[in-house]
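**Q** My structure file model-v9.txt, compact mmCIF, C-alpha atoms, is below:
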```
# COMPACT_ATOMS: atom_id res chain seq x y z
CA MET A 1 252.08 -11.25 247.68
CA SER A 2 255.07 -13.22 248.71
CA LEU A 3 256.12 -16.11 246.52
CA LYS A 4 257.83 -19.21 247.91
CA LYS A 5 259.10 -20.52 244.58
CA LEU A 6 259.92 -18.86 241.30
CA LEU A 7 260.88 -20.75 238.14
CA ILE A 8 262.97 -18.78 235.66
CA ALA A 9 261.58 -19.68 232.23
CA THR A 10 264.83 -20.29 230.40
CA GLY A 11 267.07 -23.17 229.41
CA ASN A 12 270.05 -20.80 229.44
CA GLN A 13 272.06 -21.08 232.66
CA GLY A 14 273.64 -17.64 232.06
CA LYS A 15 270.26 -15.99 231.97
CA TYR A 16 269.11 -17.91 235.04
CA LYS A 17 272.15 -16.68 236.98
CA GLU A 18 271.58 -13.12 235.81
CA PHE A 19 267.99 -13.19 237.06
CA LYS A 20 269.07 -14.71 240.35
CA GLU A 21 271.51 -11.84 240.85
CA ILE A 22 268.96 -9.20 239.86
CA ILE A 23 266.33 -10.61 242.19
CA LYS A 24 268.87 -10.55 245.01
CA ILE A 25 269.21 -6.78 244.53
CA PHE A 26 265.54 -6.44 245.41
CA THR A 27 265.65 -8.89 248.31
CA PRO A 28 268.57 -7.58 250.33
CA PHE A 29 267.38 -9.41 253.44
CA SER A 30 267.06 -12.70 251.66
CA ASP A 31 268.31 -14.65 254.66
CA SER A 32 265.02 -13.99 256.36
CA ARG A 33 263.02 -14.56 253.20
CA GLU A 34 262.68 -17.94 251.65
CA LEU A 35 262.27 -17.49 247.91
CA GLU A 36 263.53 -20.51 246.04
CA ILE A 37 264.63 -19.52 242.53
CA ILE A 38 264.44 -22.53 240.27
CA PHE A 39 266.23 -23.54 237.08
CA ALA A 40 264.57 -26.37 235.14
CA PRO A 41 266.52 -26.76 231.89
CA ASP A 42 264.64 -29.97 231.11
CA LEU A 43 261.56 -27.83 230.55
CA ALA A 44 263.44 -25.85 227.91
CA ASP A 45 262.11 -28.19 225.23
CA LEU A 46 259.07 -26.01 225.66
CA LEU A 47 260.13 -24.01 222.67
CA ILE A 48 257.57 -21.26 222.43
CA GLU A 49 257.18 -19.74 219.02
CA GLU A 50 257.68 -16.05 219.54
CA THR A 51 254.70 -15.01 217.51
CA GLY A 52 253.83 -11.86 219.44
CA LYS A 53 254.17 -8.44 217.90
CA THR A 54 255.75 -7.03 221.06
CA TYR A 55 258.27 -8.09 223.71
CA SER A 56 255.39 -8.15 226.20
CA GLU A 57 253.33 -10.59 224.18
CA ASN A 58 256.30 -12.91 223.72
CA ALA A 59 257.21 -12.77 227.42
CA MET A 60 253.61 -13.47 228.38
CA LEU A 61 253.31 -16.46 226.05
CA LYS A 62 256.52 -17.93 227.45
CA ALA A 63 255.61 -17.37 231.11
CA GLN A 64 252.15 -18.88 230.60
CA ALA A 65 253.51 -21.95 228.83
CA TRP A 66 256.13 -22.65 231.51
CA ALA A 67 253.65 -22.05 234.31
CA LYS A 68 251.16 -24.41 232.72
CA GLU A 69 253.80 -27.11 232.34
CA SER A 70 255.34 -26.76 235.80
CA GLY A 71 252.44 -25.53 237.92
CA LEU A 72 254.89 -23.00 239.42
CA PRO A 73 255.08 -19.22 239.35
CA CYS A 74 257.25 -18.46 236.31
CA LEU A 75 259.27 -15.44 235.28
CA ALA A 76 260.00 -15.07 231.56
CA ASP A 77 261.58 -12.29 229.55
CA ASP A 78 261.83 -11.11 226.00
CA SER A 79 264.28 -8.43 225.05
CA GLY A 80 265.90 -6.67 222.13
CA LEU A 81 268.26 -3.98 220.98
CA GLU A 82 266.74 -0.90 219.35
CA VAL A 83 269.14 1.13 217.24
CA GLU A 84 268.12 4.70 216.43
CA ALA A 85 269.85 4.91 213.03
CA LEU A 86 268.08 1.68 212.04
CA ASP A 87 264.63 2.98 213.02
CA GLY A 88 264.51 0.74 216.06
CA ALA A 89 265.78 -2.45 214.38
CA PRO A 90 266.59 -5.22 215.15
CA GLY A 91 264.05 -4.86 218.04
CA ILE A 92 261.94 -7.94 218.61
CA PHE A 93 263.94 -9.73 215.90
CA SER A 94 267.25 -9.19 217.76
CA ALA A 95 267.81 -12.88 218.44
CA ARG A 96 267.02 -13.98 214.88
CA VAL A 97 267.88 -11.05 212.62
CA VAL A 98 270.51 -13.16 210.88
CA PRO A 99 271.13 -16.90 211.09
CA GLY A 100 274.08 -17.99 213.19
CA ASN A 101 275.48 -17.16 216.58
CA ASP A 102 276.17 -14.00 218.56
CA LYS A 103 279.26 -13.26 216.47
CA ASP A 104 277.19 -13.24 213.27
CA LYS A 105 274.72 -10.82 214.82
CA ILE A 106 277.51 -8.53 215.93
CA SER A 107 279.03 -8.52 212.42
CA TRP A 108 275.63 -7.78 210.94
CA LEU A 109 275.05 -4.82 213.26
CA LEU A 110 278.51 -3.34 212.66
CA SER A 111 278.04 -3.59 208.94
CA GLU A 112 274.58 -1.96 209.11
CA LEU A 113 276.07 0.95 211.08
CA LYS A 114 279.23 1.28 208.96
CA ASP A 115 278.45 4.74 207.59
CA LYS A 116 276.23 5.96 210.42
CA GLU A 117 277.25 8.74 212.78
CA ASN A 118 274.33 8.24 215.12
CA ARG A 119 275.30 5.27 217.32
CA ARG A 120 272.54 5.72 219.90
CA ALA A 121 270.61 2.60 220.92
CA ARG A 122 268.74 1.10 223.81
CA PHE A 123 268.12 -2.34 225.18
CA ALA A 124 264.47 -3.07 225.95
CA ALA A 125 263.16 -5.96 228.03
CA SER A 126 259.73 -7.15 228.98
CA LEU A 127 259.33 -9.43 231.96
CA ALA A 128 256.26 -11.54 232.55
CA LEU A 129 255.51 -13.20 235.85
CA CYS A 130 252.77 -15.82 235.61
CA VAL A 131 251.32 -17.12 238.86
CA PRO A 132 249.13 -20.05 237.77
CA ASP A 133 245.38 -19.50 238.26
CA GLU A 134 246.05 -16.05 239.67
CA PHE A 135 247.52 -13.40 237.42
CA ILE A 136 250.19 -12.36 234.96
CA LEU A 137 252.22 -9.29 235.71
CA ILE A 138 254.20 -7.64 232.91
CA SER A 139 256.65 -4.77 233.00
CA GLN A 140 259.10 -3.19 230.64
CA GLY A 141 262.53 -1.72 231.25
CA PHE A 142 265.11 0.08 229.15
CA CYS A 143 268.81 0.85 229.18
CA SER A 144 270.12 3.58 226.88
CA GLY A 145 273.60 3.72 225.41
CA THR A 146 275.66 3.67 222.23
CA ILE A 147 276.98 1.04 219.83
CA ALA A 148 280.78 0.63 219.89
CA HIS A 149 282.82 0.40 216.68
CA SER A 150 284.14 -3.04 217.54
CA PRO A 151 283.18 -5.78 220.02
CA LYS A 152 284.86 -5.74 223.43
CA GLY A 153 284.64 -7.99 226.45
CA SER A 154 283.44 -11.51 227.08
CA ASN A 155 280.77 -11.25 229.77
CA GLY A 156 277.07 -11.46 229.07
CA PHE A 157 275.64 -12.57 225.74
CA GLY A 158 274.04 -11.33 222.53
CA TYR A 159 274.94 -7.76 221.61
CA ASP A 160 276.58 -7.05 224.99
CA PRO A 161 280.12 -6.68 223.49
CA LEU A 162 278.86 -3.75 221.36
CA PHE A 163 276.68 -1.93 223.88
CA ILE A 164 278.15 0.88 225.97
CA PRO A 165 275.58 1.99 228.55
CA GLU A 166 275.10 5.70 229.20
CA GLY A 167 277.52 7.05 231.78
CA PHE A 168 280.10 4.31 231.15
CA GLU A 169 283.09 3.87 228.81
CA LYS A 170 282.97 0.09 228.71
CA THR A 171 280.61 -2.34 227.01
CA PHE A 172 278.14 -4.55 228.88
CA ALA A 173 280.50 -7.44 228.09
CA GLU A 174 283.43 -5.66 229.76
CA LEU A 175 281.58 -4.45 232.86
CA PRO A 176 281.42 -6.81 235.83
CA SER A 177 278.03 -8.48 236.11
CA ASP A 178 277.17 -6.74 239.37
CA ILE A 179 277.42 -3.38 237.61
CA LYS A 180 275.46 -4.50 234.56
CA ASN A 181 272.80 -5.94 236.85
CA LYS A 182 272.31 -2.62 238.60
CA ILE A 183 271.53 -0.68 235.42
CA SER A 184 270.29 -3.18 232.86
CA HIS A 185 266.98 -3.17 231.01
CA ARG A 186 266.00 -6.38 232.88
CA THR A 187 266.75 -4.75 236.22
CA ASN A 188 264.73 -1.67 235.30
CA ALA A 189 261.82 -3.89 234.32
CA LEU A 190 261.98 -5.92 237.53
CA LYS A 191 262.15 -2.73 239.61
CA LYS A 192 258.62 -1.86 238.55
CA ILE A 193 257.09 -5.09 239.76
CA ALA A 194 259.42 -6.17 242.57
CA SER A 195 257.23 -4.69 245.28
CA PHE A 196 254.30 -6.76 244.03
CA ILE A 197 256.04 -10.10 244.20
CA LEU A 198 258.90 -10.11 246.64
CA MET B 1 249.34 0.62 244.73
CA SER B 2 246.38 2.89 244.89
CA LEU B 3 245.15 4.38 241.64
CA LYS B 4 243.47 7.80 241.49
CA LYS B 5 241.99 7.36 238.03
CA LEU B 6 240.97 4.34 236.01
CA LEU B 7 239.76 4.49 232.42
CA ILE B 8 237.52 1.61 231.32
CA ALA B 9 238.66 0.74 227.81
CA THR B 10 235.28 0.45 226.14
CA GLY B 11 232.94 2.53 224.02
CA ASN B 12 230.00 0.54 225.40
CA GLN B 13 228.22 2.36 228.21
CA GLY B 14 226.63 -0.87 229.45
CA LYS B 15 230.04 -2.46 229.94
CA TYR B 16 231.37 0.69 231.62
CA LYS B 17 228.48 0.60 234.11
CA GLU B 18 229.05 -3.10 234.77
CA PHE B 19 232.71 -2.50 235.59
CA LYS B 20 231.83 0.45 237.79
CA GLU B 21 229.47 -1.78 239.79
CA ILE B 22 231.98 -4.62 240.02
CA ILE B 23 234.76 -2.32 241.21
CA LYS B 24 232.42 -0.96 243.87
CA ILE B 25 232.09 -4.49 245.30
CA PHE B 26 235.82 -4.44 245.98
CA THR B 27 235.88 -0.91 247.35
CA PRO B 28 233.11 -1.02 249.93
CA PHE B 29 234.50 2.01 251.71
CA SER B 30 234.65 4.04 248.54
CA ASP B 31 233.60 7.22 250.33
CA SER B 32 237.01 7.38 251.88
CA ARG B 33 238.75 6.35 248.68
CA GLU B 34 238.93 8.56 245.68
CA LEU B 35 239.10 6.36 242.61
CA GLU B 36 237.65 8.12 239.60
CA ILE B 37 236.33 5.60 237.09
CA ILE B 38 236.33 7.16 233.65
CA PHE B 39 234.28 6.53 230.50
CA ALA B 40 235.76 8.03 227.32
CA PRO B 41 233.60 6.84 224.41
CA ASP B 42 235.37 9.27 222.06
CA LEU B 43 238.44 7.07 222.42
CA ALA B 44 236.42 4.09 221.18
CA ASP B 45 237.53 4.80 217.63
CA LEU B 46 240.62 3.06 218.86
CA LEU B 47 239.41 -0.12 217.27
CA ILE B 48 241.98 -2.67 218.22
CA GLU B 49 242.18 -5.67 215.96
CA GLU B 50 241.76 -8.64 218.22
CA THR B 51 244.59 -10.59 216.73
CA GLY B 52 245.64 -12.43 219.88
CA LYS B 53 245.25 -16.16 220.21
CA THR B 54 243.91 -15.84 223.76
CA TYR B 55 241.57 -13.61 225.73
CA SER B 56 244.60 -12.39 227.70
CA GLU B 57 246.49 -11.27 224.62
CA ASN B 58 243.46 -9.40 223.29
CA ALA B 59 242.80 -7.72 226.64
CA MET B 60 246.44 -6.71 226.90
CA LEU B 61 246.55 -5.21 223.39
CA LYS B 62 243.41 -3.22 224.14
CA ALA B 63 244.58 -1.95 227.54
CA GLN B 64 247.97 -0.95 226.12
CA ALA B 65 246.45 0.93 223.19
CA TRP B 66 244.01 2.88 225.37
CA ALA B 67 246.68 3.66 227.96
CA LYS B 68 249.02 4.91 225.26
CA GLU B 69 246.32 7.14 223.80
CA SER B 70 245.02 8.53 227.10
CA GLY B 71 248.07 8.43 229.35
CA LEU B 72 245.78 6.97 232.04
CA PRO B 73 245.66 3.63 233.82
CA CYS B 74 243.29 1.53 231.68
CA LEU B 75 241.25 -1.57 232.37
CA ALA B 76 240.27 -3.66 229.34
CA ASP B 77 238.61 -7.03 229.02
CA ASP B 78 238.14 -9.77 226.52
CA SER B 79 235.66 -12.52 227.14
CA GLY B 80 233.88 -15.42 225.54
CA LEU B 81 231.47 -18.30 226.00
CA GLU B 82 232.92 -21.81 225.95
CA VAL B 83 230.40 -24.56 225.24
CA GLU B 84 231.39 -28.10 226.18
CA ALA B 85 229.44 -29.86 223.42
CA LEU B 86 231.10 -27.56 220.87
CA ASP B 87 234.61 -28.30 222.12
CA GLY B 88 234.92 -24.87 223.70
CA ALA B 89 233.51 -22.86 220.78
CA PRO B 90 232.72 -20.05 220.19
CA GLY B 91 235.45 -19.04 222.70
CA ILE B 92 237.56 -16.10 221.60
CA PHE B 93 235.35 -15.82 218.50
CA SER B 94 232.19 -15.31 220.60
CA ALA B 95 231.62 -11.73 219.44
CA ARG B 96 232.15 -12.51 215.76
CA VAL B 97 231.18 -16.14 215.28
CA VAL B 98 228.40 -15.07 212.88
CA PRO B 99 227.78 -11.68 211.29
CA GLY B 100 224.97 -9.63 212.81
CA ASN B 101 223.79 -8.69 216.27
CA ASP B 102 223.29 -10.51 219.59
CA LYS B 103 220.06 -12.11 218.29
CA ASP B 104 221.92 -13.69 215.38
CA LYS B 105 224.52 -15.11 217.73
CA ILE B 106 221.85 -16.52 219.99
CA SER B 107 220.10 -18.19 217.01
CA TRP B 108 223.39 -19.61 215.87
CA LEU B 109 224.16 -21.11 219.28
CA LEU B 110 220.68 -22.63 219.70
CA SER B 111 220.90 -24.22 216.28
CA GLU B 112 224.39 -25.62 216.98
CA LEU B 113 223.08 -27.19 220.20
CA LYS B 114 219.78 -28.43 218.73
CA ASP B 115 220.51 -32.15 219.15
CA LYS B 116 222.92 -31.91 222.05
CA GLU B 117 222.09 -33.19 225.50
CA ASN B 118 225.16 -31.67 227.14
CA ARG B 119 224.31 -27.99 227.68
CA ARG B 120 227.25 -27.23 229.98
CA ALA B 121 229.19 -24.04 229.25
CA ARG B 122 231.26 -21.40 230.93
CA PHE B 123 231.92 -17.73 230.44
CA ALA B 124 235.60 -16.79 230.51
CA ALA B 125 237.01 -13.28 230.87
CA SER B 126 240.50 -11.85 230.89
CA LEU B 127 241.05 -8.43 232.38
CA ALA B 128 244.14 -6.36 231.66
CA LEU B 129 245.09 -3.33 233.69
CA CYS B 130 247.76 -1.21 232.03
CA VAL B 131 249.41 1.47 234.15
CA PRO B 132 251.46 3.49 231.64
CA ASP B 133 255.24 3.17 232.07
CA GLU B 134 254.71 0.84 235.01
CA PHE B 135 253.15 -2.54 234.42
CA ILE B 136 250.35 -4.59 232.96
CA LEU B 137 248.40 -6.89 235.23
CA ILE B 138 246.28 -9.65 233.72
CA SER B 139 243.87 -12.06 235.33
CA GLN B 140 241.29 -14.54 234.20
CA GLY B 141 237.92 -15.48 235.68
CA PHE B 142 235.24 -18.00 234.88
CA CYS B 143 231.55 -18.58 235.53
CA SER B 144 230.11 -22.03 234.90
CA GLY B 145 226.55 -22.80 233.92
CA THR B 146 224.27 -24.24 231.23
CA ILE B 147 222.75 -23.06 227.97
CA ALA B 148 218.96 -22.57 228.06
CA HIS B 149 216.70 -23.89 225.28
CA SER B 150 215.40 -20.41 224.47
CA PRO B 151 216.52 -16.86 225.25
CA LYS B 152 215.05 -15.23 228.37
CA GLY B 153 215.45 -11.79 229.93
CA SER B 154 216.64 -8.44 228.69
CA ASN B 155 219.49 -7.43 231.01
CA GLY B 156 223.14 -7.66 230.04
CA PHE B 157 224.31 -8.33 226.51
CA GLY B 158 225.73 -10.98 224.18
CA TYR B 159 224.81 -14.54 225.16
CA ASP B 160 223.41 -13.49 228.57
CA PRO B 161 219.79 -14.46 227.66
CA LEU B 162 220.91 -18.07 227.14
CA PHE B 163 223.30 -18.51 230.05
CA ILE B 164 222.00 -19.94 233.33
CA PRO B 165 224.77 -19.74 235.95
CA GLU B 166 225.33 -22.70 238.27
CA GLY B 167 223.11 -22.57 241.35
CA PHE B 168 220.46 -20.44 239.64
CA GLU B 169 217.32 -21.10 237.58
CA LYS B 170 217.38 -17.83 235.67
CA THR B 171 219.58 -16.57 232.87
CA PHE B 172 222.14 -13.79 233.28
CA ALA B 173 219.72 -11.56 231.35
CA GLU B 174 216.92 -12.29 233.86
CA LEU B 175 218.98 -11.89 237.01
CA PRO B 176 219.35 -8.41 238.48
CA SER B 177 222.72 -6.89 237.69
CA ASP B 178 223.83 -6.85 241.33
CA ILE B 179 223.49 -10.65 241.43
CA LYS B 180 225.23 -11.18 238.08
CA ASN B 181 228.02 -8.88 239.21
CA LYS B 182 228.67 -10.95 242.32
CA ILE B 183 229.25 -14.18 240.42
CA SER B 184 230.29 -13.24 236.90
CA HIS B 185 233.45 -14.20 235.05
CA ARG B 186 234.52 -10.53 235.08
CA THR B 187 234.02 -10.34 238.84
CA ASN B 188 236.00 -13.52 239.38
CA ALA B 189 238.83 -12.10 237.26
CA LEU B 190 238.85 -8.77 239.09
CA LYS B 191 238.86 -10.56 242.46
CA LYS B 192 242.34 -11.91 241.72
CA ILE B 193 243.89 -8.51 241.11
CA ALA B 194 241.73 -6.17 243.20
CA SER B 195 244.14 -6.17 246.12
CA PHE B 196 246.91 -4.99 243.80
CA ILE B 197 245.11 -1.97 242.47
CA LEU B 198 242.42 -0.74 244.84
```
Please lay out the structure from this file as structure tokens.
**A**
Amino acid sequence: MSLKKLLIATGNQGKYKEFKEIIKIFTPFSDSRELEIIFAPDLADLLIEETGKTYSENAMLKAQAWAKESGLPCLADDSGLEVEALDGAPGIFSARVVPGNDKDKISWLLSELKDKENRRARFAASLALCVPDEFILISQGFCSGTIAHSPKGSNGFGYDPLFIPEGFEKTFAELPSDIKNKISHRTNALKKIASFIL
Amino acid sequence: MSLKKLLIATGNQGKYKEFKEIIKIFTPFSDSRELEIIFAPDLADLLIEETGKTYSENAMLKAQAWAKESGLPCLADDSGLEVEALDGAPGIFSARVVPGNDKDKISWLLSELKDKENRRARFAASLALCVPDEFILISQGFCSGTIAHSPKGSNGFGYDPLFIPEGFEKTFAELPSDIKNKISHRTNALKKIASFIL
């Protein structure tokens, strides 16, 4: 399988760029390989209700909806932060555990962990690639780490300013994107399916 | 990708045999290829609630649950009959549209179509292959045909005695299994992913 076009199912330009970088890691000889990676923010009105019980279901629903609308192969993701001391919460509710923006979520998490010694957590991501009338391919990736005591850094999004990946001293939001994109949950998920699609 | 073992996620021996035959179509040189196709009816207690809104979601949930339990690559399916004059019903509810056995379902369908001239219908199937810790691969296949005015034949299961596939005069339940398995919705779904797994 060798795709010519791939639409990233997101209206978020930051996420689109992150995927573009990750995909580049798996296509080092991209000069000789014409894969057009497409951003179509006007399709982002396609607000898919994330009704699945798992990341994989949500990613699949999103990829299918975008593929149906565009007729193109679509890559969608759903991800979350799973905190050990909170029994895996916020998990699939990471993006909507409290109303408000990323700052509100970060305050919520710090307050939940106020008295907790165990700061272990992992990011989980499911990717779904839907090739219309052919197949859907889904994989999951993880990145383990710990939750910092205060937010640091301004790269990335979501809980990145609180998440220190294993083997590092800095948060995802402090690390340069090329480092994050070598070890992230999304990268680890794409690794498992890259040979099928690229 | 070349699997060594594949567990068919079903407690139904008839369905297991059907999959074994279909997979053989795509592995004509199976003597030189050791793929062990496994039936584990004792795992069938794993009754997965089919809560998905699509065949694909249901197949995925089933494949994931069986793979988790067995640690093996698992192939699951979900399928249904979509009748044009009934706006696509019974669809994902095909197996539980009325209480009772296959005969009750057949009576129900004949009575629903009593005054209908349009007898066109199609079988739809989604297959999900879950390779633990790796990926899930999902594909969909169809088989178009018409609904007979009375049940005929004793092969197969479900609505087979009423379904006459396009290009044939006999129902799925009258046709020998090797013919059904060349044209069926399950075969057409497997065709799309066979090259990935066999």
**Q** Give one line per residue of chain B that approaches chain A to at most 8 Å, naming the two atoms of the closest pair and their distance in Å to one decimal, counting all atoms listed in the file; sort by chain then ascending residue number and deliver it as CSV.
**A**
```
residue,atom,partner,partner_atom,distance
B:Glu57,CA,A:Glu57,CA,6.9
B:Asp133,CA,A:Gln140,CA,7.6
B:Glu134,CA,A:Lys192,CA,5.9
B:Phe135,CA,A:Ser139,CA,4.4
B:Ile136,CA,A:Ile138,CA,4.9
B:Leu137,CA,A:Leu137,CA,4.5
B:Ile138,CA,A:Ile136,CA,4.9
B:Ser139,CA,A:Phe135,CA,4.4
B:Gln140,CA,A:Phe135,CA,7.1
B:Lys192,CA,A:Glu134,CA,5.9
B:Ile193,CA,A:Phe135,CA,7.1
B:Phe196,CA,A:Phe196,CA,7.6
```
**Q** Provide the CA of Cys143 (chain B) to CA of Lys180 (chain B) distance in Å, to one decimal place.
**A**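 CA of Lys180 (chain B) lies 10.1 Å from CA of Cys143 (chain B).
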**Q** Hey, can you pull every residue with an atom no more than 10 Å from (230.9, -4.8, 239.7), using only C-alpha atoms, and send it as a VMD selection string?
**A** chain B and resid 16 to 27 177 to 184 186 to 187 190
**Q** To one decimal place, how far is CA of Gln13 (chain A) from CA of Ala89 (chain A) in Å?
**A**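 Pair CA of Gln13 (chain A) / CA of Ala89 (chain A) returns 26.8 Å.
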**Q** Rounded to one decimal place, report the CA of Ala148 (chain A)-CA of Ser107 (chain A) distance in Å.
**A**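 Between these atoms lies a distance of 11.9 Å.
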**Q** With distances taken over all atoms listed in the file, which of A:Glu50, A:Lys15, A:Val97, A:Lys116 is nearest to Gly156 (chain A)?
**A**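 Of A:Glu50, A:Lys15, A:Val97, A:Lys116, the one nearest Gly156 (chain A) is A:Lys15, counting all atoms listed in the file.
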**Q** Between B:Ala59, B:Leu6, B:Ile38, B:Ile106, which has the minimum distance to Leu81 (chain B) (counting all atoms listed in the file)?
**A**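 Once distances to Leu81 (chain B) are computed over all atoms listed in the file, the minimum belongs to B:Ile106.
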**Q** Between B:Gly158, B:Leu198, B:Asp45, B:Gly153, single out the one closest to Lys105 (chain B), counting all atoms listed in the file.
**A** B:Gly158
**Q** Hey, which of A:His149, A:Arg120, A:Lys5, A:Lys68 ends up closest to Glu36 (chain A)? Count all atoms listed in the file.
**A** A:Lys5
**Q** Show me, as a PyMOL selection string, the residues that have an atom within 10 Å of Ile147 (chain B) when counting all atoms listed in the file, minus same-chain residues fewer than 2 positions from it.
**A** chain B and resi 83+109-110+113+118-122+145+149-151+159-165+171
**Q** Any chance you could work out the axis-aligned box around region 77-84 of chain B, listed atoms only, 5 Å on each side, giving centre and edge lengths in Å to one decimal, as JSON?
**A**
```
{"center_x": 234.5, "center_y": -17.6, "center_z": 227.1, "size_x": 18.2, "size_y": 31.1, "size_z": 13.8}
```
**Q** For Leu75 (chain A), which residue among A:Asp87, A:Asp115, A:Phe123, A:Leu3 is the nearest when counting only C-alpha atoms?
**A**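 Looking only at the distances to Leu75 (chain A), the closest residue turns out to be A:Leu3.
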**Q** Between B:Asp77, B:Glu169, B:Glu174, B:Glu117, single out the one closest to Asn155 (chain B), counting all atoms listed in the file.
**A**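 Using all atoms listed in the file, Asn155 (chain B) sits closest to B:Glu174.
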**Q** From (265.4, -28.4, 228.3), in the file's coordinates, out to 12 Å: which residues are reached, counting only C-alpha atoms? Answer as a list in words.
**A** Ala9, Thr10, Gly11, Asn12, Gln13, Phe39, Ala40, Pro41, Asp42, Leu43, Ala44, Asp45, Leu46, Leu47 and Trp66 of chain A
